[in-house]
Amino acid sequence: MLVTPSAAGGPGRGRQPALPRVALVSTGGTIASVGRDRLDLTGYAERAEMRAVGALLAELPELATVAEIVTVELPNVPSHALGLADALRVVRTARDLAADPAITGVVLTHGTNTLEETAFLLDLACPPGTPVVVTGAMRPATSLSADGPLNLVNAVRLATDPASRGRGVLVLLDDTVHAARDVSKTSANRLSAFRGGELGPLGFVEGDGAVVFHHGTEPWAARGAFDPGAVGTPPRVDIVLSYLGADGALVDAAVAAGAAGIVSAGTGAGYPTPAESAALDRAVAGGVLVCQATRVGSGRVTPRPAALADGMVTAGNLNPWKARLLLALALTRTRDAAAIQRLFDR
Ligand code: ASP
């Protein structure tokens, strides 16, 4: 890990001592990516060339007017190449920085493909005090109308705004502020890819730099509840997606692969096929913790007291891949379904 004052905010470049200090943790992704030319909006992903954070900041002197930036450069990787252990390392770094009283806010740059997963892990790990903001970009750094630079400026504005404190981890792209718990990438291409589903955004960073929150953030028992340094290697948790006629073989395969937990991404309000249900019942009988979620993309899977008594929890409105992360961390602590259910409930 490299920690340096940025070129944009470092001494000798006219830095104002009164500016808040923001730790910028970089992990690569499209926001750092280099395309073939300015019209390369897709092929850059195969080239896998990414800029160092210093190079990004050198082209963004405006950031020095918002905050003093301290960069923490983690390896540049496409976010779909990260494993849970990698994401936990990133989370640990950001959490430690957020605990530093000299730091006003933390900004994490991340590939958008799994951004919502790392942001969610951060929400599980960071006590809701110092603002932690995750951002990325849908267009590479070299493209026409690249969105990364303004996303970065807006993320730093958000991280330094007193109104951001105590709200849990925030995600900022396309001027829009989302709760990490609720946001998902909903388009493979559009600048407005990140949405909070039926819960909507929390607010916006406006064109004049003003941070405007329209909604509060609901308290949540699992927010900041896990120390990433203390969870060790979380157990295997798999996701099994339901579809017309699914026969349960993938549930059996997850159990055979050693899953301690399975998230069932059921149809509708959380309904697997009858054959999947039978396989999930076998899994529960074998000691696997099952979490029932939905493949729909928004809405809740409501509590099922009878199933809970048998050792099956429900995901509420967490999507399957966020439910998987919470279940994996919860299983490092307990196998008690009722205790785990409390972490899922709002
Ligand atoms: N390939 C990128 C990633 O690392 C996609 C992105 O950042 O938008 O997730």
# chains A, B, ... in the order shown; residues from 1 in each chain; ligands from 1
call {"tool": "residues_near_ligand", "arguments": {"ligand": "ligand 1", "cutoff": "10 Å", "atoms": "only C-alpha atoms and all ligand atoms", "output": "PyMOL selection string"}}
result
chain A and resi 27-33+42+44-46+48+76-82+109-115+135-140+148+185+188-189+191+193
call {"tool": "residues_around", "arguments": {"residues": "Ala221 of chain A", "least_positions_apart": "4", "cutoff": "8 Å", "atoms": "only C-alpha atoms", "output": "PyMOL selection string"}}
result
chain A and resi 225+342-346
call {"tool": "write_last_selection", "arguments": {"atoms": "all heavy atoms", "output": "PDB file, in the first residue's frame"}}
result
ATOM      1  N   ALA A 225     -21.491  -3.615  12.048  1.00  0.00           N
ATOM      2  CA  ALA A 225     -21.498  -4.669  13.078  1.00  0.00           C
ATOM      3  C   ALA A 225     -20.325  -5.642  12.957  1.00  0.00           C
ATOM      4  O   ALA A 225     -20.105  -6.440  13.870  1.00  0.00           O
ATOM      5  CB  ALA A 225     -22.819  -5.445  13.004  1.00  0.00           C
ATOM      6  N   ARG A 342     -32.110 -11.478  12.656  1.00  0.00           N
ATOM      7  CA  ARG A 342     -32.121 -10.110  13.220  1.00  0.00           C
ATOM      8  C   ARG A 342     -31.173  -9.189  12.445  1.00  0.00           C
ATOM      9  O   ARG A 342     -31.406  -7.997  12.334  1.00  0.00           O
ATOM     10  CB  ARG A 342     -31.766 -10.124  14.708  1.00  0.00           C
ATOM     11  CG  ARG A 342     -32.955 -10.543  15.578  1.00  0.00           C
ATOM     12  CD  ARG A 342     -32.712 -10.221  17.049  1.00  0.00           C
ATOM     13  NE  ARG A 342     -31.720 -11.099  17.655  1.00  0.00           N
ATOM     14  CZ  ARG A 342     -31.968 -12.337  18.107  1.00  0.00           C
ATOM     15  NH1 ARG A 342     -33.188 -12.832  18.016  1.00  0.00           N
ATOM     16  NH2 ARG A 342     -31.011 -13.073  18.633  1.00  0.00           N
ATOM     17  N   LEU A 343     -30.087  -9.766  11.902  1.00  0.00           N
ATOM     18  CA  LEU A 343     -29.161  -8.935  11.125  1.00  0.00           C
ATOM     19  C   LEU A 343     -29.757  -8.551   9.763  1.00  0.00           C
ATOM     20  O   LEU A 343     -29.418  -7.514   9.188  1.00  0.00           O
ATOM     21  CB  LEU A 343     -27.842  -9.680  10.907  1.00  0.00           C
ATOM     22  CG  LEU A 343     -26.986  -9.877  12.155  1.00  0.00           C
ATOM     23  CD1 LEU A 343     -25.881 -10.889  11.907  1.00  0.00           C
ATOM     24  CD2 LEU A 343     -26.398  -8.551  12.628  1.00  0.00           C
ATOM     25  N   PHE A 344     -30.636  -9.407   9.252  1.00  0.00           N
ATOM     26  CA  PHE A 344     -31.272  -9.102   7.973  1.00  0.00           C
ATOM     27  C   PHE A 344     -32.410  -8.094   8.136  1.00  0.00           C
ATOM     28  O   PHE A 344     -32.703  -7.328   7.223  1.00  0.00           O
ATOM     29  CB  PHE A 344     -31.829 -10.384   7.335  1.00  0.00           C
ATOM     30  CG  PHE A 344     -30.790 -11.169   6.587  1.00  0.00           C
ATOM     31  CD1 PHE A 344     -30.007 -12.114   7.235  1.00  0.00           C
ATOM     32  CD2 PHE A 344     -30.575 -10.935   5.231  1.00  0.00           C
ATOM     33  CE1 PHE A 344     -29.042 -12.824   6.550  1.00  0.00           C
ATOM     34  CE2 PHE A 344     -29.616 -11.645   4.539  1.00  0.00           C
ATOM     35  CZ  PHE A 344     -28.832 -12.592   5.196  1.00  0.00           C
ATOM     36  N   ASP A 345     -33.057  -8.122   9.298  1.00  0.00           N
ATOM     37  CA  ASP A 345     -34.233  -7.254   9.484  1.00  0.00           C
ATOM     38  C   ASP A 345     -33.812  -5.807   9.590  1.00  0.00           C
ATOM     39  O   ASP A 345     -32.737  -5.492  10.080  1.00  0.00           O
ATOM     40  CB  ASP A 345     -34.972  -7.665  10.771  1.00  0.00           C
ATOM     41  CG  ASP A 345     -35.630  -9.037  10.633  1.00  0.00           C
ATOM     42  OD1 ASP A 345     -35.800  -9.484   9.469  1.00  0.00           O
ATOM     43  OD2 ASP A 345     -35.939  -9.642  11.665  1.00  0.00           O
ATOM     44  N   ARG A 346     -34.685  -4.944   9.182  1.00  0.00           N
ATOM     45  CA  ARG A 346     -34.431  -3.503   9.317  1.00  0.00           C
ATOM     46  C   ARG A 346     -35.023  -2.994  10.593  1.00  0.00           C
ATOM     47  O   ARG A 346     -36.112  -3.383  10.967  1.00  0.00           O
ATOM     48  CB  ARG A 346     -35.059  -2.757   8.147  1.00  0.00           C
ATOM     49  CG  ARG A 346     -34.070  -2.605   7.037  1.00  0.00           C
ATOM     50  CD  ARG A 346     -34.374  -1.382   6.230  1.00  0.00           C
ATOM     51  NE  ARG A 346     -33.202  -0.560   6.142  1.00  0.00           N
ATOM     52  CZ  ARG A 346     -32.788   0.029   5.006  1.00  0.00           C
ATOM     53  NH1 ARG A 346     -33.450  -0.146   3.926  1.00  0.00           N
ATOM     54  NH2 ARG A 346     -31.728   0.783   5.008  1.00  0.00           N
TER      55      ARG A 346
END
call {"tool": "atom_distance", "arguments": {"atom1": "atom CA of Arg47 of chain A", "atom2": "atom CA of Thr142 of chain A"}}
result
12.8 Å
call {"tool": "residues_around", "arguments": {"residues": "Leu144 of chain A", "least_positions_apart": "6", "cutoff": "10 Å", "atoms": "only C-alpha atoms", "output": "ChimeraX atom specification"}}
result
/A:37-41
call {"tool": "write_last_selection", "arguments": {"atoms": "C-alpha atoms", "output": "PDB file, in the first residue's frame"}}
result
ATOM      1  CA  ASP A  37      -9.072   5.965 -28.473  1.00  0.00           C
ATOM      2  CA  ARG A  38     -11.670   8.460 -27.273  1.00  0.00           C
ATOM      3  CA  LEU A  39     -14.533   6.489 -28.807  1.00  0.00           C
ATOM      4  CA  ASP A  40     -13.549   3.231 -27.135  1.00  0.00           C
ATOM      5  CA  LEU A  41     -16.383   2.778 -24.627  1.00  0.00           C
TER       6      LEU A  41
END
call {"tool": "residues_around", "arguments": {"residues": "Glu218 of chain A", "least_positions_apart": "5", "cutoff": "12 Å", "atoms": "only C-alpha atoms", "output": "JSON, numbers by chain"}}
result
{"A": [128, 166, 167, 168, 179, 180, 181, 182, 199, 202, 223, 345, 346]}
call {"tool": "closest_residue", "arguments": {"among": "A:Leu121, A:Ala283, A:Leu158, A:Val171", "to": "Ala323 of chain A", "atoms": "only C-alpha atoms"}}
result
A:Leu121
call {"tool": "residues_around", "arguments": {"residues": "segment 333-339 of chain A", "least_positions_apart": "2", "cutoff": "12 Å", "atoms": "only C-alpha atoms", "output": "PyMOL selection string"}}
result
chain A and resi 221-222+225-227+230-235+260-261+284+287-291+303-314+326-331+341-345
call {"tool": "write_last_selection", "arguments": {"atoms": "N, CA and C atoms", "output": "compact mmCIF listing (two decimals), in the first residue's frame"}}
result
# COMPACT_ATOMS: atom_id res chain seq x y z
N ALA A 221 -29.48 -2.87 12.07
CA ALA A 221 -28.69 -3.56 13.10
C ALA A 221 -27.33 -4.02 12.59
N ALA A 222 -27.24 -4.36 11.32
CA ALA A 222 -25.97 -4.92 10.81
C ALA A 222 -24.97 -3.85 10.40
N ALA A 225 -21.49 -3.61 12.05
CA ALA A 225 -21.50 -4.67 13.08
C ALA A 225 -20.33 -5.64 12.96
N PHE A 226 -19.58 -5.60 11.85
CA PHE A 226 -18.52 -6.58 11.65
C PHE A 226 -17.16 -5.91 11.52
N ASP A 227 -16.20 -6.41 12.26
CA ASP A 227 -14.82 -5.96 12.11
C ASP A 227 -14.16 -6.86 11.07
N ALA A 230 -11.57 -9.25 12.02
CA ALA A 230 -11.88 -10.31 12.98
C ALA A 230 -12.71 -11.44 12.38
N VAL A 231 -13.09 -11.32 11.11
CA VAL A 231 -13.98 -12.35 10.55
C VAL A 231 -13.21 -13.54 9.97
N GLY A 232 -11.89 -13.42 9.88
CA GLY A 232 -11.09 -14.52 9.35
C GLY A 232 -11.50 -14.82 7.92
N THR A 233 -11.55 -16.11 7.58
CA THR A 233 -12.01 -16.49 6.23
C THR A 233 -13.47 -16.93 6.36
N PRO A 234 -14.39 -16.13 5.86
CA PRO A 234 -15.81 -16.51 5.98
C PRO A 234 -16.08 -17.81 5.24
N PRO A 235 -17.08 -18.58 5.70
CA PRO A 235 -17.36 -19.85 5.05
C PRO A 235 -17.97 -19.66 3.67
N ALA A 260 -21.62 -23.63 3.55
CA ALA A 260 -22.20 -23.56 4.90
C ALA A 260 -23.51 -22.81 4.84
N GLY A 261 -23.69 -22.06 3.76
CA GLY A 261 -24.91 -21.30 3.58
C GLY A 261 -25.30 -21.28 2.12
N VAL A 284 -30.93 -27.85 4.67
CA VAL A 284 -31.15 -27.37 6.04
C VAL A 284 -31.00 -28.53 7.02
N GLY A 287 -27.62 -29.17 8.03
CA GLY A 287 -26.89 -28.14 8.78
C GLY A 287 -26.51 -26.92 7.98
N VAL A 288 -27.00 -26.82 6.74
CA VAL A 288 -26.70 -25.64 5.92
C VAL A 288 -27.72 -24.55 6.25
N LEU A 289 -27.24 -23.32 6.42
CA LEU A 289 -28.14 -22.20 6.69
C LEU A 289 -28.67 -21.69 5.34
N VAL A 290 -29.97 -21.69 5.15
CA VAL A 290 -30.55 -21.23 3.88
C VAL A 290 -31.19 -19.87 4.09
N CYS A 291 -30.94 -18.98 3.15
CA CYS A 291 -31.57 -17.66 3.16
C CYS A 291 -32.43 -17.54 1.90
N PRO A 303 -40.85 -12.12 6.44
CA PRO A 303 -40.49 -13.17 7.39
C PRO A 303 -41.40 -14.40 7.29
N ARG A 304 -40.84 -15.56 7.51
CA ARG A 304 -41.60 -16.82 7.50
C ARG A 304 -41.30 -17.56 8.80
N PRO A 305 -42.12 -17.29 9.83
CA PRO A 305 -41.80 -17.82 11.16
C PRO A 305 -41.61 -19.34 11.17
N ALA A 306 -42.46 -20.08 10.43
CA ALA A 306 -42.33 -21.55 10.47
C ALA A 306 -40.99 -21.98 9.88
N ALA A 307 -40.62 -21.36 8.75
CA ALA A 307 -39.35 -21.71 8.11
C ALA A 307 -38.17 -21.33 9.01
N LEU A 308 -38.31 -20.17 9.70
CA LEU A 308 -37.24 -19.72 10.59
C LEU A 308 -36.99 -20.75 11.70
N ALA A 309 -38.10 -21.28 12.21
CA ALA A 309 -37.96 -22.28 13.27
C ALA A 309 -37.19 -23.49 12.76
N ASP A 310 -37.29 -23.76 11.45
CA ASP A 310 -36.56 -24.90 10.87
C ASP A 310 -35.12 -24.53 10.51
N GLY A 311 -34.77 -23.24 10.60
CA GLY A 311 -33.40 -22.84 10.29
C GLY A 311 -33.25 -22.18 8.93
N MET A 312 -34.32 -21.51 8.47
CA MET A 312 -34.25 -20.84 7.17
C MET A 312 -34.59 -19.36 7.35
N VAL A 313 -33.70 -18.47 6.96
CA VAL A 313 -33.94 -17.04 7.15
C VAL A 313 -34.44 -16.41 5.84
N THR A 314 -34.98 -15.20 5.95
CA THR A 314 -35.43 -14.49 4.74
C THR A 314 -34.62 -13.21 4.59
N LEU A 326 -23.85 -10.91 3.68
CA LEU A 326 -24.26 -10.81 5.08
C LEU A 326 -24.31 -12.20 5.72
N LEU A 327 -24.82 -13.18 4.98
CA LEU A 327 -24.89 -14.53 5.55
C LEU A 327 -23.48 -15.08 5.81
N ALA A 328 -22.56 -14.83 4.89
CA ALA A 328 -21.19 -15.33 5.07
C ALA A 328 -20.55 -14.72 6.33
N LEU A 329 -20.73 -13.41 6.51
CA LEU A 329 -20.14 -12.77 7.70
C LEU A 329 -20.87 -13.23 8.96
N ALA A 330 -22.19 -13.33 8.89
CA ALA A 330 -22.97 -13.75 10.07
C ALA A 330 -22.54 -15.15 10.51
N LEU A 331 -22.26 -16.02 9.53
CA LEU A 331 -21.88 -17.40 9.86
C LEU A 331 -20.51 -17.49 10.53
N GLN A 341 -31.32 -13.86 11.45
CA GLN A 341 -32.47 -13.12 10.90
C GLN A 341 -32.49 -11.68 11.41
N ARG A 342 -32.11 -11.48 12.66
CA ARG A 342 -32.12 -10.11 13.22
C ARG A 342 -31.17 -9.19 12.44
N LEU A 343 -30.09 -9.77 11.90
CA LEU A 343 -29.16 -8.93 11.12
C LEU A 343 -29.76 -8.55 9.76
N PHE A 344 -30.64 -9.41 9.25
CA PHE A 344 -31.27 -9.10 7.97
C PHE A 344 -32.41 -8.09 8.14
N ASP A 345 -33.06 -8.12 9.30
CA ASP A 345 -34.23 -7.25 9.48
C ASP A 345 -33.81 -5.81 9.59
call {"tool": "select_by_dssp", "arguments": {"residues": "segment 280-339 of chain A", "states": "strand (DSSP E or B)", "output": "PyMOL selection string"}}
result
chain A and resi 289-294+301+312-314+316
call {"tool": "write_last_selection", "arguments": {"atoms": "C-alpha atoms", "output": "PDB file, in the first residue's frame"}}
result
ATOM      1  CA  LEU A 289     -28.145 -22.205   6.690  1.00  0.00           C
ATOM      2  CA  VAL A 290     -30.545 -21.227   3.882  1.00  0.00           C
ATOM      3  CA  CYS A 291     -31.574 -17.661   3.160  1.00  0.00           C
ATOM      4  CA  GLN A 292     -34.587 -17.103   0.950  1.00  0.00           C
ATOM      5  CA  ALA A 293     -34.223 -14.091  -1.347  1.00  0.00           C
ATOM      6  CA  THR A 294     -35.844 -13.102  -4.617  1.00  0.00           C
ATOM      7  CA  VAL A 301     -39.166 -11.477   1.004  1.00  0.00           C
ATOM      8  CA  MET A 312     -34.248 -20.840   7.169  1.00  0.00           C
ATOM      9  CA  VAL A 313     -33.940 -17.035   7.153  1.00  0.00           C
ATOM     10  CA  THR A 314     -35.429 -14.494   4.745  1.00  0.00           C
ATOM     11  CA  GLY A 316     -36.011  -8.885   3.303  1.00  0.00           C
TER      12      GLY A 316
END
call {"tool": "residues_around", "arguments": {"residues": "Val22 of chain A", "least_positions_apart": "4", "cutoff": "10 Å", "atoms": "only C-alpha atoms", "output": "JSON, numbers by chain"}}
result
{"A": [9, 66, 67, 68, 69, 70, 71, 97, 98, 102, 103, 104, 105, 106, 107, 131, 132, 156, 157, 159, 160]}
call {"tool": "atom_distance", "arguments": {"atom1": "atom CA of Gly203 of chain A", "atom2": "atom CA of Val134 of chain A"}}
result
14.8 Å
call {"tool": "select_by_dssp", "arguments": {"residues": "segment 127-266 of chain A", "states": "alpha helix (DSSP H)", "output": "list in words"}}
result
Gly148, Pro149, Leu150, Asn151, Leu152, Val153, Asn154, Ala155, Val156, Arg157, Leu158, Ala159, Thr160, Ala249, Leu250, Val251, Asp252, Ala253, Ala254, Val255 and Ala256 of chain A
call {"tool": "write_last_selection", "arguments": {"atoms": "N, CA and C atoms", "output": "PDB file, in the first residue's frame"}}
result
ATOM      1  N   GLY A 148     -15.947   9.657 -14.968  1.00  0.00           N
ATOM      2  CA  GLY A 148     -15.137   9.442 -13.773  1.00  0.00           C
ATOM      3  C   GLY A 148     -14.680  10.711 -13.059  1.00  0.00           C
ATOM      4  N   PRO A 149     -14.118  11.691 -13.789  1.00  0.00           N
ATOM      5  CA  PRO A 149     -13.585  12.858 -13.081  1.00  0.00           C
ATOM      6  C   PRO A 149     -14.635  13.592 -12.248  1.00  0.00           C
ATOM      7  N   LEU A 150     -15.822  13.840 -12.820  1.00  0.00           N
ATOM      8  CA  LEU A 150     -16.839  14.546 -12.027  1.00  0.00           C
ATOM      9  C   LEU A 150     -17.389  13.650 -10.923  1.00  0.00           C
ATOM     10  N   ASN A 151     -17.493  12.348 -11.212  1.00  0.00           N
ATOM     11  CA  ASN A 151     -17.916  11.448 -10.127  1.00  0.00           C
ATOM     12  C   ASN A 151     -16.955  11.554  -8.942  1.00  0.00           C
ATOM     13  N   LEU A 152     -15.670  11.636  -9.263  1.00  0.00           N
ATOM     14  CA  LEU A 152     -14.669  11.705  -8.197  1.00  0.00           C
ATOM     15  C   LEU A 152     -14.782  13.022  -7.410  1.00  0.00           C
ATOM     16  N   VAL A 153     -14.917  14.121  -8.133  1.00  0.00           N
ATOM     17  CA  VAL A 153     -15.079  15.410  -7.446  1.00  0.00           C
ATOM     18  C   VAL A 153     -16.332  15.380  -6.573  1.00  0.00           C
ATOM     19  N   ASN A 154     -17.428  14.862  -7.130  1.00  0.00           N
ATOM     20  CA  ASN A 154     -18.680  14.834  -6.363  1.00  0.00           C
ATOM     21  C   ASN A 154     -18.588  13.884  -5.169  1.00  0.00           C
ATOM     22  N   ALA A 155     -17.860  12.788  -5.345  1.00  0.00           N
ATOM     23  CA  ALA A 155     -17.685  11.858  -4.220  1.00  0.00           C
ATOM     24  C   ALA A 155     -16.914  12.541  -3.094  1.00  0.00           C
ATOM     25  N   VAL A 156     -15.913  13.336  -3.457  1.00  0.00           N
ATOM     26  CA  VAL A 156     -15.126  14.044  -2.429  1.00  0.00           C
ATOM     27  C   VAL A 156     -15.988  15.136  -1.779  1.00  0.00           C
ATOM     28  N   ARG A 157     -16.787  15.829  -2.584  1.00  0.00           N
ATOM     29  CA  ARG A 157     -17.714  16.821  -1.998  1.00  0.00           C
ATOM     30  C   ARG A 157     -18.629  16.140  -0.982  1.00  0.00           C
ATOM     31  N   LEU A 158     -19.154  14.984  -1.390  1.00  0.00           N
ATOM     32  CA  LEU A 158     -20.088  14.256  -0.515  1.00  0.00           C
ATOM     33  C   LEU A 158     -19.384  13.798   0.768  1.00  0.00           C
ATOM     34  N   ALA A 159     -18.145  13.323   0.609  1.00  0.00           N
ATOM     35  CA  ALA A 159     -17.413  12.798   1.770  1.00  0.00           C
ATOM     36  C   ALA A 159     -17.039  13.892   2.762  1.00  0.00           C
ATOM     37  N   THR A 160     -17.013  15.135   2.289  1.00  0.00           N
ATOM     38  CA  THR A 160     -16.617  16.229   3.190  1.00  0.00           C
ATOM     39  C   THR A 160     -17.826  16.990   3.726  1.00  0.00           C
ATOM     40  N   ALA A 249     -30.678 -29.537  -8.624  1.00  0.00           N
ATOM     41  CA  ALA A 249     -29.331 -30.114  -8.728  1.00  0.00           C
ATOM     42  C   ALA A 249     -28.263 -29.102  -8.297  1.00  0.00           C
ATOM     43  N   LEU A 250     -28.518 -27.832  -8.541  1.00  0.00           N
ATOM     44  CA  LEU A 250     -27.513 -26.826  -8.168  1.00  0.00           C
ATOM     45  C   LEU A 250     -27.464 -26.630  -6.649  1.00  0.00           C
ATOM     46  N   VAL A 251     -28.594 -26.850  -5.993  1.00  0.00           N
ATOM     47  CA  VAL A 251     -28.593 -26.802  -4.522  1.00  0.00           C
ATOM     48  C   VAL A 251     -27.727 -27.958  -4.003  1.00  0.00           C
ATOM     49  N   ASP A 252     -27.972 -29.146  -4.528  1.00  0.00           N
ATOM     50  CA  ASP A 252     -27.176 -30.309  -4.103  1.00  0.00           C
ATOM     51  C   ASP A 252     -25.685 -30.073  -4.411  1.00  0.00           C
ATOM     52  N   ALA A 253     -25.422 -29.440  -5.545  1.00  0.00           N
ATOM     53  CA  ALA A 253     -24.018 -29.192  -5.927  1.00  0.00           C
ATOM     54  C   ALA A 253     -23.358 -28.225  -4.941  1.00  0.00           C
ATOM     55  N   ALA A 254     -24.121 -27.219  -4.496  1.00  0.00           N
ATOM     56  CA  ALA A 254     -23.562 -26.268  -3.526  1.00  0.00           C
ATOM     57  C   ALA A 254     -23.226 -26.991  -2.220  1.00  0.00           C
ATOM     58  N   VAL A 255     -24.138 -27.852  -1.800  1.00  0.00           N
ATOM     59  CA  VAL A 255     -23.881 -28.602  -0.560  1.00  0.00           C
ATOM     60  C   VAL A 255     -22.644 -29.483  -0.751  1.00  0.00           C
ATOM     61  N   ALA A 256     -22.573 -30.158  -1.899  1.00  0.00           N
ATOM     62  CA  ALA A 256     -21.423 -31.040  -2.167  1.00  0.00           C
ATOM     63  C   ALA A 256     -20.114 -30.244  -2.221  1.00  0.00           C
TER      64      ALA A 256
END
call {"tool": "residues_around", "arguments": {"residues": "Gly270 of chain A", "least_positions_apart": "2", "cutoff": "12 Å", "atoms": "only C-alpha atoms", "output": "NGL selection string"}}
result
:A and (240-243 or 263-268 or 272-273 or 276-277 or 291-304 or 313-320)
call {"tool": "closest_residue", "arguments": {"among": "A:Ile262, A:Leu122, A:Val237, A:Ala163", "to": "Val205 of chain A", "atoms": "only C-alpha atoms"}}
result
A:Ala163
call {"tool": "closest_residue", "arguments": {"among": "A:Val212, A:Ala141, A:Val177, A:Ala64", "to": "Met50 of chain A", "atoms": "only C-alpha atoms"}}
result
A:Ala141
call {"tool": "closest_residue", "arguments": {"among": "A:Pro162, A:Ser26, A:Thr65, A:Ala246", "to": "Tyr271 of chain A", "atoms": "only C-alpha atoms"}}
result
A:Ala246
call {"tool": "atom_distance", "arguments": {"atom1": "atom CA of Val169 of chain A", "atom2": "atom CA of Gly207 of chain A"}}
result
22.2 Å
call {"tool": "decode", "arguments": {"residues": "segment 202-231 of chain A", "atoms": "C-alpha atoms", "output": "compact mmCIF listing (two decimals), in the first residue's frame"}}
result
# COMPACT_ATOMS: atom_id res chain seq x y z
CA LEU A 202 -30.98 9.58 -0.97
CA GLY A 203 -30.11 12.82 -2.72
CA PHE A 204 -27.90 14.53 -5.25
CA VAL A 205 -24.72 16.51 -5.59
CA GLU A 206 -25.92 19.47 -7.60
CA GLY A 207 -24.08 21.36 -10.34
CA ASP A 208 -22.92 24.05 -7.96
CA GLY A 209 -21.41 21.41 -5.67
CA ALA A 210 -24.22 21.52 -3.11
CA VAL A 211 -25.00 18.22 -1.42
CA VAL A 212 -28.78 17.88 -1.09
CA PHE A 213 -30.29 14.95 0.79
CA HIS A 214 -33.98 14.31 0.18
CA HIS A 215 -34.26 11.24 2.36
CA GLY A 216 -32.83 10.00 5.64
CA THR A 217 -31.13 6.66 6.10
CA GLU A 218 -32.92 4.03 8.15
CA PRO A 219 -30.94 2.59 11.04
CA TRP A 220 -29.99 -1.04 10.55
CA ALA A 221 -28.69 -3.56 13.10
CA ALA A 222 -25.97 -4.92 10.81
CA ARG A 223 -24.49 -1.52 9.93
CA GLY A 224 -20.93 -1.39 11.22
CA ALA A 225 -21.50 -4.67 13.08
CA PHE A 226 -18.52 -6.58 11.65
CA ASP A 227 -14.82 -5.96 12.11
CA PRO A 228 -13.26 -7.16 8.83
CA GLY A 229 -10.05 -7.89 10.72
CA ALA A 230 -11.88 -10.31 12.98
CA VAL A 231 -13.98 -12.35 10.55
